[in-house]
Amino acid sequence: MLTWFTGWSVLSCHFPFIIQVQPQLQPDIGEETTALLRILIHKIDNTTFGDNGPTIPQWTGPPRAIIKVQAIIYASLAASLFSAFLAMLGKQWLNRYASIDVRGSATEPSQNRQRKLDRVVTWYFDYVMESLPLMLQLALLLLGCALSLYLWGIDTIVASVVLAHSAWFSTFSLSLQGQLP
Amino acid sequence: MRTGHATDAQVSSGSHLQTTTQRSTLFSQERDLLSTYEDTRTRFYEKYRHEAEEYNREFIKKYDEDMNTTLIFVGFLHVPQAWTC
């Protein structure tokens with residue numbers, strides 16, 4: 001219960017105020033409005049901005065760094081979505097596996113169970129399910145990379161904090177992988 | 001000629017009788033074998049069910065809990081991802 005509460009409060013309250021990457025992929029309307037206002041003021045009296053008059057900035061696509069950040073974040077999103085999808089399918093499969101759909105003394109249900117187990121083995125169910133945590137760790141790592149890359153362009157100190165935590169998390173999880181049975 | 005025929009017929013009926021007896025003996029042996037086979041099979045599958053029960057319970061429990069953890073974690077992870085995208 002505590003984990004749920006902490007997780008939700010931290011993630012849903014803090015993140016929105018820190019990160020707004022998506023709007024930078026589109027031209028900023030506010031910037032254009034400001035430029036137009038500057039031109040208007042310049043037309044009224046030619047003294048405010050000195051000799052060089054303001055010009056309307058031309059939108060030349062989003063910055064390269066933002067595109068990189070977005071690509072990494074979408075990769076992370078896709079990885080975690082895919083693992084959630086696999087987990088959902090896995091749960092469904094387990095439910096079907098657990099259900100007894102052939103009635104009988106001992107022979108028929110056992111044969112049915114063996115058939116289901118054979119299918120589980122054929123489709124590498126175990127391996128897929130064991131790979132889900134790895135996929136999630138990859139998603140988290142990608143998110144950490146994207147956050148550090150984005151924040152590095154804004155402020156180096158904040159970015160180094162995020163980077164240090166990402167590095168610490170990944171080292172921890174990597175060293176833990178060897179300890180798992 | 002006649003006697004020869006009769007002898008032939010006797011011989012053939014005698015051998016026929018013999019084969020029938022042999023067959024019935026064989027059949028009963030087969031039936032015995034079959035019932036022994038059925039018994040073995042039933043006993044095998046009863047043992048199988050007993051053994052598989054425990055394995056399956058563990059298998060299902062393990063992966064079900066893993067899936068739950070994964071789903072909860074993805075739920076958390078999607079909040080920052082959705083906000084940064």
# chains A, B, ... in the order shown; residues from 1 in each chain; ligands from 1
>>> interface_residues(of="chain B", to="chain A", cutoff="9 Å", atoms="only C-alpha atoms", output="ChimeraX atom specification")
/B:41-49,52,56-57,60,63-64,66-68,70-85
>>> atom_distance(atom1="CA of Ala164 in chain A", atom2="CA of Gly144 in chain A")
9.8 Å
